[in-house]
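Visitor: Got a structure for you, questions after.
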Amino acid sequence: MKRTAALLVGATVVPNVVAWGAYVASNFVSDQTATHFQTLLHNQSSDYLANVATWADNIRYTKWGHFTGPFHYIDAKDNPPSSCDVFMERDCKSDGCVISALQNYTSRLIDATDSLPVEEHEQAAKFIIHFVSDLHQPLHTEDVAKGGNGIHVKFDNRHFNLHHVWDTSIVEKMAGGVRGSPYAAAQRYADKLVGDIRTGKFQAESTSWLDGISLDDVEGTALIWARESNAYVCTHVLPHGPGAIVGQELGSSYYDDAAPVVEIQIARAGFRLAAWLDLLSAKIASNEAGEL
Ligand SMILES: *[C@@H]1O[C@H](CO)[C@@H](O)[C@H](O)[C@H]1NC(C)=O
Ligand SMILES: *[C@@H]1O[C@H](CO)[C@@H](O)[C@H](O)[C@H]1NC(C)=O
């Protein structure tokens, strides 16, 4: 089992949007949060979040991790491009969805009854780091063609499915390509986004990105984020409906419209992940103080 996991980790050379958001997040957490998660994740480097950001993708295809497959998305049964929206009762399946998973792993990480082994806290942290980013990818909040996995398209003359284009191709193109050193490219691009948030084009709006964020209402918080992502399915992912995009080349004008969406979603995901981890570490610290 160990060997399989190691091989799978090694095979994931190209980070998807999830890792890019984690690089952003590590710039915005408090010192207390950084220390807490560096310890929990056994990584003292500044990349302790990005280091585990794709773990949840790697284990979902193992026998052990199979049950986590549905945790990466919520299949909104809406009708793009004419109507987009996400509803828990309609869209979260009985075997779970990204919103119920965020709720579950958030409460397991807080572990108010102090009943779980520390390995479970570590696992919960890795899931949270991944699922906050997944919530920001529009096609992780859409049912059509299994979140675009069944829609065949071209991107700069190469064949992909639409889901891959939104997970990987667009952000890689924005970063100027990642050949050779994907993690270095992700880090450079994340640094640019950090600047945009601190002093640049996202500075004014970034505080509003935390509107509604609350550990006491994980589902409500995640629904705000999911609905915001899902709205882009109507406006930018499938603006002319699923049929119109099949087989199309998406590397030029479609890309021009989509890139700013991918960019702001990575920025939001990273900024919100940092805030979420701050809330978590503060909560855990106050629980521990209460026990003394
Ligand atoms: C910590 O994370 C960095 C960045 O991903 C990685 O290169 C390093 O091997 C990790 N260290 C440990 C102890 O896992
Ligand atoms: C919560 O997480 C645990 C540990 O991974 C898992 O066994 C359980 O099925 C999850 N529950 C829900 C409702 O997602």
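By order of appearance in the structure tokens: chains A, B, ..., then residues from 1 within every chain, and ligands from 1 in the order shown.
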Mind listing the strand (DSSP E or B) residues of region 8-230 of chain A, per DSSP on the backbone, as a list in words?
Guide: Asn79, Ser83, Lys93, Gly96, His152, Val153, Lys154, Phe155, Arg158, His159, Phe160 and Asn161 of chain A
Visitor: At a cut-off of 8 Å around ligand 1, and using only C-alpha atoms and all ligand atoms, what residues come up? Please write them as a list in words.
Guide: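 These are the residues that qualify: His42, Asn43, Gln44, Ser45, Ser46, Asp47, Tyr48, Leu49, Ala50, Asn51 and Val52 of chain A.
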Visitor: Pick out the closest residue to ligand 2 from this set: A:Gln137, A:Gln123, A:Thr221, A:Thr168. Count only C-alpha atoms and all ligand atoms.
Guide: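 Distance minimum relative to ligand 2 lands on A:Gln123.
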Visitor: Point out the residue among A:Ala289, A:Cys84, A:Cys97, A:Leu215 with the least atom-to-atom distance to ligand 2, counting only C-alpha atoms and all ligand atoms.
Guide: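 Smallest distance to ligand 2 is found for A:Cys97.
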Visitor: Select the residues contacting ligand 2 at a distance of at most 12 Å, based on only C-alpha atoms and all ligand atoms, then format the selection as number ranges by chain.
Guide: A: 56, 59-60, 64-72, 92-109, 111, 116-117, 119-128
Visitor: Assign secondary structure with DSSP using the backbone only, and return the residues of region 69-190 of chain A in helix (DSSP H, G or I) as a PyMOL selection string.
Guide: chain A and resi 69-72+88-91+98-110+118-134+138-141+145-148+162-174+182-190
Visitor: Under the rule that only C-alpha atoms are counted, which of A:Asp216, A:Glu172, A:Tyr232, A:Asp156 is the nearest residue to Ser252 (chain A)?
Guide: A:Asp156
Visitor: Set the distance at 7 Å and use only C-alpha atoms: which residues neighbour region 173-176 of chain A once local chain neighbours fewer than 2 positions away are removed? I'd like the list as a compact mmCIF listing (two decimals) with C-alpha atoms, in the first residue's frame.
Guide:
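And here's result16.txt as it stands now:
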```txt
# COMPACT_ATOMS: atom_id res chain seq x y z
CA SER A 169 -4.53 24.11 -19.17
CA ILE A 170 -5.76 27.66 -18.59
CA VAL A 171 -3.68 28.32 -15.49
CA VAL A 178 5.22 25.09 -16.80
CA ALA A 185 6.04 28.21 -12.21
CA TYR A 189 2.46 32.91 -10.49
CA ALA A 259 -8.31 33.35 -17.82
```
Visitor: With distances taken over only C-alpha atoms, which of A:His236, A:Arg272, A:Lys154, A:His163 is nearest to Leu139 (chain A)?
Guide: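 Ranked by minimum distance to Leu139 (chain A), first place goes to A:His163.
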Visitor: Using only C-alpha atoms, which residues sit within 10 Å of Ile129 (chain A) once same-chain residues fewer than 6 positions away are excluded, as JSON, numbers by chain?
Guide: {"A": [18, 19, 21, 22, 25, 49, 50, 52, 53, 54, 55, 56, 102, 269, 270, 273, 274, 276, 277]}
Visitor: Please provide as a PDB file with N, CA, C and O atoms, in the first residue's frame all residues within 12 Å of Ala231 (chain A), with the sequence filter that same-chain residues fewer than 5 positions apart are discarded (counting only C-alpha atoms).
Guide:
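Saved the output as around.pdb:
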```
ATOM      1  N   ALA A  76     -24.176  20.192  -9.447  1.00  0.00           N
ATOM      2  CA  ALA A  76     -25.383  21.011  -9.516  1.00  0.00           C
ATOM      3  C   ALA A  76     -26.206  20.622 -10.741  1.00  0.00           C
ATOM      4  O   ALA A  76     -25.723  20.667 -11.867  1.00  0.00           O
ATOM      5  N   ASP A  78     -28.328  22.073 -12.481  1.00  0.00           N
ATOM      6  CA  ASP A  78     -28.926  23.295 -13.004  1.00  0.00           C
ATOM      7  C   ASP A  78     -28.963  23.193 -14.527  1.00  0.00           C
ATOM      8  O   ASP A  78     -28.843  22.094 -15.067  1.00  0.00           O
ATOM      9  N   ASN A  79     -29.092  24.292 -15.201  1.00  0.00           N
ATOM     10  CA  ASN A  79     -29.306  24.209 -16.633  1.00  0.00           C
ATOM     11  C   ASN A  79     -28.550  25.310 -17.373  1.00  0.00           C
ATOM     12  O   ASN A  79     -29.143  26.227 -17.926  1.00  0.00           O
ATOM     13  N   PRO A  80     -27.205  25.231 -17.386  1.00  0.00           N
ATOM     14  CA  PRO A  80     -26.434  26.279 -18.039  1.00  0.00           C
ATOM     15  C   PRO A  80     -26.632  26.265 -19.557  1.00  0.00           C
ATOM     16  O   PRO A  80     -26.806  25.196 -20.115  1.00  0.00           O
ATOM     17  N   PRO A  81     -26.626  27.426 -20.211  1.00  0.00           N
ATOM     18  CA  PRO A  81     -26.316  28.727 -19.638  1.00  0.00           C
ATOM     19  C   PRO A  81     -27.532  29.505 -19.137  1.00  0.00           C
ATOM     20  O   PRO A  81     -27.363  30.623 -18.666  1.00  0.00           O
ATOM     21  N   SER A  82     -28.746  28.915 -19.218  1.00  0.00           N
ATOM     22  CA  SER A  82     -29.901  29.747 -18.853  1.00  0.00           C
ATOM     23  C   SER A  82     -30.084  29.852 -17.345  1.00  0.00           C
ATOM     24  O   SER A  82     -30.551  30.872 -16.848  1.00  0.00           O
ATOM     25  N   SER A  83     -29.739  28.802 -16.589  1.00  0.00           N
ATOM     26  CA  SER A  83     -29.828  28.966 -15.142  1.00  0.00           C
ATOM     27  C   SER A  83     -28.713  28.206 -14.437  1.00  0.00           C
ATOM     28  O   SER A  83     -28.389  27.071 -14.788  1.00  0.00           O
ATOM     29  N   CYS A  84     -28.123  28.867 -13.471  1.00  0.00           N
ATOM     30  CA  CYS A  84     -27.070  28.280 -12.661  1.00  0.00           C
ATOM     31  C   CYS A  84     -27.415  28.468 -11.194  1.00  0.00           C
ATOM     32  O   CYS A  84     -27.875  29.539 -10.795  1.00  0.00           O
ATOM     33  N   ASP A  85     -27.216  27.443 -10.392  1.00  0.00           N
ATOM     34  CA  ASP A  85     -27.365  27.560  -8.943  1.00  0.00           C
ATOM     35  C   ASP A  85     -27.016  26.224  -8.292  1.00  0.00           C
ATOM     36  O   ASP A  85     -26.959  25.203  -8.975  1.00  0.00           O
ATOM     37  N   VAL A  86     -26.770  26.273  -6.998  1.00  0.00           N
ATOM     38  CA  VAL A  86     -26.402  25.080  -6.246  1.00  0.00           C
ATOM     39  C   VAL A  86     -27.331  24.965  -5.041  1.00  0.00           C
ATOM     40  O   VAL A  86     -27.544  25.961  -4.339  1.00  0.00           O
ATOM     41  N   HIS A 136     -13.645  26.253  -5.708  1.00  0.00           N
ATOM     42  CA  HIS A 136     -13.477  27.461  -6.509  1.00  0.00           C
ATOM     43  C   HIS A 136     -13.320  27.176  -7.991  1.00  0.00           C
ATOM     44  O   HIS A 136     -13.142  28.094  -8.780  1.00  0.00           O
ATOM     45  N   GLN A 137     -13.357  25.894  -8.368  1.00  0.00           N
ATOM     46  CA  GLN A 137     -13.268  25.556  -9.785  1.00  0.00           C
ATOM     47  C   GLN A 137     -14.693  25.336 -10.273  1.00  0.00           C
ATOM     48  O   GLN A 137     -15.376  24.419  -9.813  1.00  0.00           O
ATOM     49  N   PRO A 138     -15.172  26.209 -11.198  1.00  0.00           N
ATOM     50  CA  PRO A 138     -16.581  26.148 -11.603  1.00  0.00           C
ATOM     51  C   PRO A 138     -17.053  24.738 -11.962  1.00  0.00           C
ATOM     52  O   PRO A 138     -18.151  24.332 -11.576  1.00  0.00           O
ATOM     53  N   LEU A 139     -16.229  23.972 -12.661  1.00  0.00           N
ATOM     54  CA  LEU A 139     -16.675  22.653 -13.103  1.00  0.00           C
ATOM     55  C   LEU A 139     -16.661  21.606 -11.983  1.00  0.00           C
ATOM     56  O   LEU A 139     -17.066  20.469 -12.198  1.00  0.00           O
ATOM     57  N   HIS A 140     -16.225  21.999 -10.784  1.00  0.00           N
ATOM     58  CA  HIS A 140     -16.403  21.119  -9.623  1.00  0.00           C
ATOM     59  C   HIS A 140     -17.750  21.390  -8.960  1.00  0.00           C
ATOM     60  O   HIS A 140     -18.066  20.808  -7.924  1.00  0.00           O
ATOM     61  N   THR A 141     -18.525  22.308  -9.540  1.00  0.00           N
ATOM     62  CA  THR A 141     -19.854  22.614  -8.997  1.00  0.00           C
ATOM     63  C   THR A 141     -20.918  22.442 -10.073  1.00  0.00           C
ATOM     64  O   THR A 141     -21.908  23.164 -10.092  1.00  0.00           O
ATOM     65  N   GLU A 142     -20.709  21.485 -10.987  1.00  0.00           N
ATOM     66  CA  GLU A 142     -21.607  21.358 -12.135  1.00  0.00           C
ATOM     67  C   GLU A 142     -21.800  19.899 -12.513  1.00  0.00           C
ATOM     68  O   GLU A 142     -20.834  19.132 -12.549  1.00  0.00           O
ATOM     69  N   LEU A 223     -21.488  27.007   0.660  1.00  0.00           N
ATOM     70  CA  LEU A 223     -22.506  27.275  -0.368  1.00  0.00           C
ATOM     71  C   LEU A 223     -22.274  28.633  -1.028  1.00  0.00           C
ATOM     72  O   LEU A 223     -22.464  28.779  -2.238  1.00  0.00           O
ATOM     73  N   ILE A 224     -21.852  29.626  -0.250  1.00  0.00           N
ATOM     74  CA  ILE A 224     -21.539  30.935  -0.843  1.00  0.00           C
ATOM     75  C   ILE A 224     -20.443  30.753  -1.896  1.00  0.00           C
ATOM     76  O   ILE A 224     -20.546  31.242  -3.023  1.00  0.00           O
ATOM     77  N   TRP A 225     -19.408  30.022  -1.519  1.00  0.00           N
ATOM     78  CA  TRP A 225     -18.286  29.831  -2.440  1.00  0.00           C
ATOM     79  C   TRP A 225     -18.701  28.988  -3.657  1.00  0.00           C
ATOM     80  O   TRP A 225     -18.317  29.283  -4.783  1.00  0.00           O
ATOM     81  N   ALA A 226     -19.496  27.944  -3.416  1.00  0.00           N
ATOM     82  CA  ALA A 226     -19.913  27.061  -4.514  1.00  0.00           C
ATOM     83  C   ALA A 226     -20.814  27.797  -5.505  1.00  0.00           C
ATOM     84  O   ALA A 226     -20.693  27.630  -6.722  1.00  0.00           O
ATOM     85  N   HIS A 236     -19.106  31.906 -18.255  1.00  0.00           N
ATOM     86  CA  HIS A 236     -17.780  31.753 -18.869  1.00  0.00           C
ATOM     87  C   HIS A 236     -17.416  30.341 -19.304  1.00  0.00           C
ATOM     88  O   HIS A 236     -16.603  30.172 -20.199  1.00  0.00           O
ATOM     89  N   VAL A 237     -17.977  29.325 -18.637  1.00  0.00           N
ATOM     90  CA  VAL A 237     -17.584  27.951 -18.980  1.00  0.00           C
ATOM     91  C   VAL A 237     -18.415  27.444 -20.153  1.00  0.00           C
ATOM     92  O   VAL A 237     -17.865  26.913 -21.123  1.00  0.00           O
ATOM     93  N   LEU A 238     -19.735  27.621 -20.040  1.00  0.00           N
ATOM     94  CA  LEU A 238     -20.632  27.148 -21.094  1.00  0.00           C
ATOM     95  C   LEU A 238     -21.564  28.281 -21.525  1.00  0.00           C
ATOM     96  O   LEU A 238     -22.788  28.147 -21.471  1.00  0.00           O
ATOM     97  N   PRO A 239     -21.002  29.414 -21.964  1.00  0.00           N
ATOM     98  CA  PRO A 239     -21.850  30.585 -22.232  1.00  0.00           C
ATOM     99  C   PRO A 239     -22.862  30.349 -23.351  1.00  0.00           C
ATOM    100  O   PRO A 239     -23.869  31.039 -23.412  1.00  0.00           O
ATOM    101  N   VAL A 261     -11.176  34.651 -14.954  1.00  0.00           N
ATOM    102  CA  VAL A 261     -12.006  33.910 -13.995  1.00  0.00           C
ATOM    103  C   VAL A 261     -11.144  32.917 -13.222  1.00  0.00           C
ATOM    104  O   VAL A 261     -11.207  32.841 -11.989  1.00  0.00           O
TER     105      VAL A 261
END
```
